[in-house]
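Chemist: Dropping in entry17.cif, which is mmCIF, C-alpha atoms:
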```cif
data_query
loop_
_atom_site.group_PDB
_atom_site.id
_atom_site.type_symbol
_atom_site.label_atom_id
_atom_site.label_comp_id
_atom_site.auth_asym_id
_atom_site.auth_seq_id
_atom_site.Cartn_x
_atom_site.Cartn_y
_atom_site.Cartn_z
ATOM 1 C CA MET A 1 -95.816 62.066 18.640
ATOM 2 C CA LYS A 2 -96.117 58.504 19.910
ATOM 3 C CA SER A 3 -94.391 57.669 23.156
ATOM 4 C CA VAL A 4 -92.146 54.651 23.181
ATOM 5 C CA ASN A 5 -91.977 52.343 26.167
ATOM 6 C CA ILE A 6 -88.409 51.197 26.663
ATOM 7 C CA SER A 7 -87.512 49.319 29.820
ATOM 8 C CA LEU A 8 -84.346 49.966 31.761
ATOM 9 C CA GLY A 9 -83.423 46.355 30.983
ATOM 10 C CA ASP A 10 -83.655 47.082 27.240
ATOM 11 C CA VAL A 11 -81.460 50.162 27.702
ATOM 12 C CA ALA A 12 -78.910 48.105 29.660
ATOM 13 C CA ILE A 13 -78.847 45.452 26.924
ATOM 14 C CA ALA A 14 -78.290 48.093 24.228
ATOM 15 C CA VAL A 15 -75.451 49.720 26.194
ATOM 16 C CA PHE A 16 -73.883 46.321 26.902
ATOM 17 C CA GLU A 17 -74.113 45.277 23.237
ATOM 18 C CA GLY A 18 -72.557 48.560 22.131
ATOM 19 C CA LEU A 19 -69.673 48.153 24.566
ATOM 20 C CA SER A 20 -69.088 44.515 23.647
ATOM 21 C CA ASP A 21 -69.160 45.348 19.908
ATOM 22 C CA GLN A 22 -66.578 48.075 20.471
ATOM 23 C CA LEU A 23 -64.329 45.755 22.497
ATOM 24 C CA PHE A 24 -64.685 42.903 19.997
ATOM 25 C CA ARG A 25 -63.693 45.203 17.115
ATOM 26 C CA ASP A 26 -60.364 45.775 18.867
ATOM 27 C CA ALA A 27 -59.791 42.057 19.546
ATOM 28 C CA THR A 28 -57.125 40.517 17.353
ATOM 29 C CA SER A 29 -57.673 36.824 18.057
ATOM 30 C CA CYS A 30 -60.222 34.261 19.217
ATOM 31 C CA ALA A 31 -58.445 34.178 22.587
ATOM 32 C CA ASP A 32 -58.888 37.959 22.924
ATOM 33 C CA ARG A 33 -62.614 37.721 22.118
ATOM 34 C CA ARG A 34 -63.070 34.913 24.639
ATOM 35 C CA GLU A 35 -61.200 36.870 27.311
ATOM 36 C CA ILE A 36 -63.412 39.903 26.624
ATOM 37 C CA ALA A 37 -66.560 37.753 26.732
ATOM 38 C CA ASP A 38 -65.437 36.126 29.998
ATOM 39 C CA GLY A 39 -64.844 39.552 31.553
ATOM 40 C CA LEU A 40 -68.207 40.907 30.382
ATOM 41 C CA LEU A 41 -70.026 37.814 31.638
ATOM 42 C CA THR A 42 -68.274 37.987 35.007
ATOM 43 C CA ALA A 43 -69.229 41.651 35.418
ATOM 44 C CA ALA A 44 -72.834 40.927 34.429
ATOM 45 C CA ILE A 45 -73.147 38.013 36.861
ATOM 46 C CA LEU A 46 -71.608 39.968 39.733
ATOM 47 C CA SER A 47 -73.936 42.906 39.014
ATOM 48 C CA TRP A 48 -76.972 40.598 38.938
ATOM 49 C CA LEU A 49 -76.006 38.912 42.209
ATOM 50 C CA ALA A 50 -75.356 42.260 43.914
ATOM 51 C CA ALA A 51 -78.688 43.665 42.705
ATOM 52 C CA HIS A 52 -80.498 40.613 44.063
ATOM 53 C CA GLU A 53 -79.102 40.815 47.591
ATOM 54 C CA PRO A 54 -81.997 40.781 50.071
ATOM 55 C CA CYS A 55 -82.961 44.246 51.317
ATOM 56 C CA GLY A 56 -82.942 43.170 54.968
ATOM 57 C CA GLU A 57 -86.480 44.334 55.715
ATOM 58 C CA PRO A 58 -88.314 41.729 57.819
ATOM 59 C CA GLY A 59 -91.261 40.288 55.925
ATOM 60 C CA CYS A 60 -90.173 41.545 52.493
ATOM 61 C CA ALA A 61 -91.850 38.965 50.242
ATOM 62 C CA PRO A 62 -89.734 39.569 47.089
ATOM 63 C CA CYS A 63 -86.537 39.139 49.123
ATOM 64 C CA ALA A 64 -87.705 35.954 50.859
ATOM 65 C CA GLN A 65 -86.797 33.812 47.834
ATOM 66 C CA LEU A 66 -83.357 35.469 47.753
ATOM 67 C CA SER A 67 -82.507 35.120 51.431
ATOM 68 C CA THR A 68 -79.464 32.867 50.971
ATOM 69 C CA GLU A 69 -76.600 32.704 48.505
ATOM 70 C CA ALA A 70 -77.801 29.265 47.388
ATOM 71 C CA ALA A 71 -81.294 30.644 46.741
ATOM 72 C CA ARG A 72 -79.906 33.582 44.713
ATOM 73 C CA THR A 73 -77.727 31.190 42.717
ATOM 74 C CA ALA A 74 -80.729 28.953 41.961
ATOM 75 C CA VAL A 75 -82.799 31.950 40.792
ATOM 76 C CA PHE A 76 -79.876 33.160 38.674
ATOM 77 C CA LEU A 77 -79.406 29.732 37.049
ATOM 78 C CA ARG A 78 -83.127 29.537 36.180
ATOM 79 C CA PHE A 79 -82.868 33.032 34.679
ATOM 80 C CA ALA A 80 -79.770 32.095 32.639
ATOM 81 C CA GLU A 81 -81.432 28.876 31.424
ATOM 82 C CA SER A 82 -84.507 30.825 30.291
ATOM 83 C CA ILE A 83 -82.289 33.195 28.285
ATOM 84 C CA ALA A 84 -80.491 30.251 26.655
ATOM 85 C CA ARG A 85 -83.825 28.570 25.859
ATOM 86 C CA ARG A 86 -85.223 31.752 24.265
ATOM 87 C CA ARG A 87 -82.067 32.142 22.170
ATOM 88 C CA ALA A 88 -82.298 28.522 21.008
ATOM 89 C CA GLU A 89 -85.964 29.060 20.068
ATOM 90 C CA VAL A 90 -85.105 32.168 18.059
ATOM 91 C CA ILE A 91 -82.284 30.377 16.240
ATOM 92 C CA ALA A 92 -84.542 27.377 15.537
ATOM 93 C CA SER A 93 -87.196 29.691 14.065
ATOM 94 C CA LEU A 94 -84.796 31.266 11.557
ATOM 95 C CA PRO A 95 -85.139 30.083 7.988
ATOM 96 C CA LYS A 96 -82.679 27.403 7.036
ATOM 97 C CA ILE A 97 -80.134 28.460 4.445
ATOM 98 C CA PRO A 98 -79.574 25.677 1.940
ATOM 99 C CA SER A 99 -75.993 24.550 1.709
ATOM 100 C CA ARG A 100 -74.276 25.427 -1.531
ATOM 101 C CA ARG A 101 -73.130 22.497 -3.551
ATOM 102 C CA PRO A 102 -69.880 22.876 -5.431
ATOM 103 C CA VAL A 103 -70.384 23.666 -9.061
ATOM 104 C CA ASN A 104 -68.989 21.021 -11.406
ATOM 105 C CA PHE A 105 -67.618 22.654 -14.544
ATOM 106 C CA ASN A 106 -66.727 19.361 -16.297
#
```
Represent the supplied structure as structure tokens.
Modeler:
Amino acid sequence: MKSVNISLGDVAIAVFEGLSDQLFRDATSCADRREIADGLLTAAILSWLAAHEPCGEPGCAPCAQLSTEAARTAVFLRFAESIARRRAEVIASLPKIPSRRPVNFN
């Protein structure tokens, strides 16, 4: 049997997508879906920021770039921009669906 390499990040994404799908199914309006999305995004950002707190060990090279709140915010914004760029690239690579012209029965 072949082993499959799945990262913890991939697992987290799958769990997050499953949860968001379940919550969105129960949403009854656009406002509900936006409120759910805002809550999920807030939780994700707070988790990311907490996970990227410096460890406090003197001379820890990975934590040096995260030593201040401003530095963590800058790293986070670059990360978020890279995700948005990748999504835009994927969408741009999808085949274009031709628009349907109304059929004239006259």
Chemist: Contacts of Ile36 in chain A at 12 Å or less, counting only C-alpha atoms, minus same-chain residues fewer than 5 places along, as a ChimeraX atom specification?
Modeler: /A:19-31,41-43
Chemist: Selection from above, C-alpha atoms, as a short mmCIF file (atom, residue, chain, number, x, y, z; two decimals), keeping the file's coordinate frame, can you write it?
Modeler:
```
data_model
loop_
_atom_site.label_atom_id
_atom_site.label_comp_id
_atom_site.auth_asym_id
_atom_site.auth_seq_id
_atom_site.Cartn_x
_atom_site.Cartn_y
_atom_site.Cartn_z
CA LEU A 19 -69.67 48.15 24.57
CA SER A 20 -69.09 44.52 23.65
CA ASP A 21 -69.16 45.35 19.91
CA GLN A 22 -66.58 48.08 20.47
CA LEU A 23 -64.33 45.76 22.50
CA PHE A 24 -64.68 42.90 20.00
CA ARG A 25 -63.69 45.20 17.11
CA ASP A 26 -60.36 45.78 18.87
CA ALA A 27 -59.79 42.06 19.55
CA THR A 28 -57.12 40.52 17.35
CA SER A 29 -57.67 36.82 18.06
CA CYS A 30 -60.22 34.26 19.22
CA ALA A 31 -58.44 34.18 22.59
CA LEU A 41 -70.03 37.81 31.64
CA THR A 42 -68.27 37.99 35.01
CA ALA A 43 -69.23 41.65 35.42
#
```
Chemist: What does the distance between CA of Thr68 in chain A and CA of Ala51 in chain A come to in Å, to one decimal place?
Modeler: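 One can read the CA of Thr68 in chain A to CA of Ala51 in chain A distance as 13.6 Å.
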Chemist: Using all atoms listed in the file, which residues sit within 10 Å of Gly56 in chain A once same-chain residues fewer than 6 positions away are excluded, as a VMD selection string?
Modeler: chain A and resid 63 to 64 67
Chemist: List the residues selected by the PyMOL selection byres ((chain A and resi 49) around 12) in the file shown, writing them as a compact mmCIF listing (two decimals) with C-alpha atoms, in the coordinates of the input.
Modeler:
```
# COMPACT_ATOMS: atom_id res chain seq x y z
CA THR A 42 -68.27 37.99 35.01
CA ALA A 43 -69.23 41.65 35.42
CA ALA A 44 -72.83 40.93 34.43
CA ILE A 45 -73.15 38.01 36.86
CA LEU A 46 -71.61 39.97 39.73
CA SER A 47 -73.94 42.91 39.01
CA TRP A 48 -76.97 40.60 38.94
CA ALA A 50 -75.36 42.26 43.91
CA ALA A 51 -78.69 43.66 42.70
CA HIS A 52 -80.50 40.61 44.06
CA GLU A 53 -79.10 40.82 47.59
CA PRO A 54 -82.00 40.78 50.07
CA LEU A 66 -83.36 35.47 47.75
CA SER A 67 -82.51 35.12 51.43
CA THR A 68 -79.46 32.87 50.97
CA GLU A 69 -76.60 32.70 48.50
CA ALA A 70 -77.80 29.26 47.39
CA ALA A 71 -81.29 30.64 46.74
CA ARG A 72 -79.91 33.58 44.71
CA THR A 73 -77.73 31.19 42.72
CA ALA A 74 -80.73 28.95 41.96
CA VAL A 75 -82.80 31.95 40.79
CA PHE A 76 -79.88 33.16 38.67
CA LEU A 77 -79.41 29.73 37.05
CA PHE A 79 -82.87 33.03 34.68
```
Chemist: Please return the centre and edge lengths, in Å to one decimal, of a box with edges along x, y and z that contains all listed atoms of range 78-90 of chain A, widened by 3 Å on every side, as JSON.
Modeler:
```
{"center_x": -82.9, "center_y": 30.9, "center_z": 27.1, "size_x": 12.2, "size_y": 10.7, "size_z": 24.1}
```
Chemist: One number please: CA of Glu35 in chain A to CA of Ile83 in chain A, in Å, one decimal.
Modeler: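 That distance, rounded to one decimal, is 21.4 Å.
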Chemist: Interatomic distance between CA of Arg33 in chain A and CA of Arg78 in chain A?
Modeler: 26.2 Å
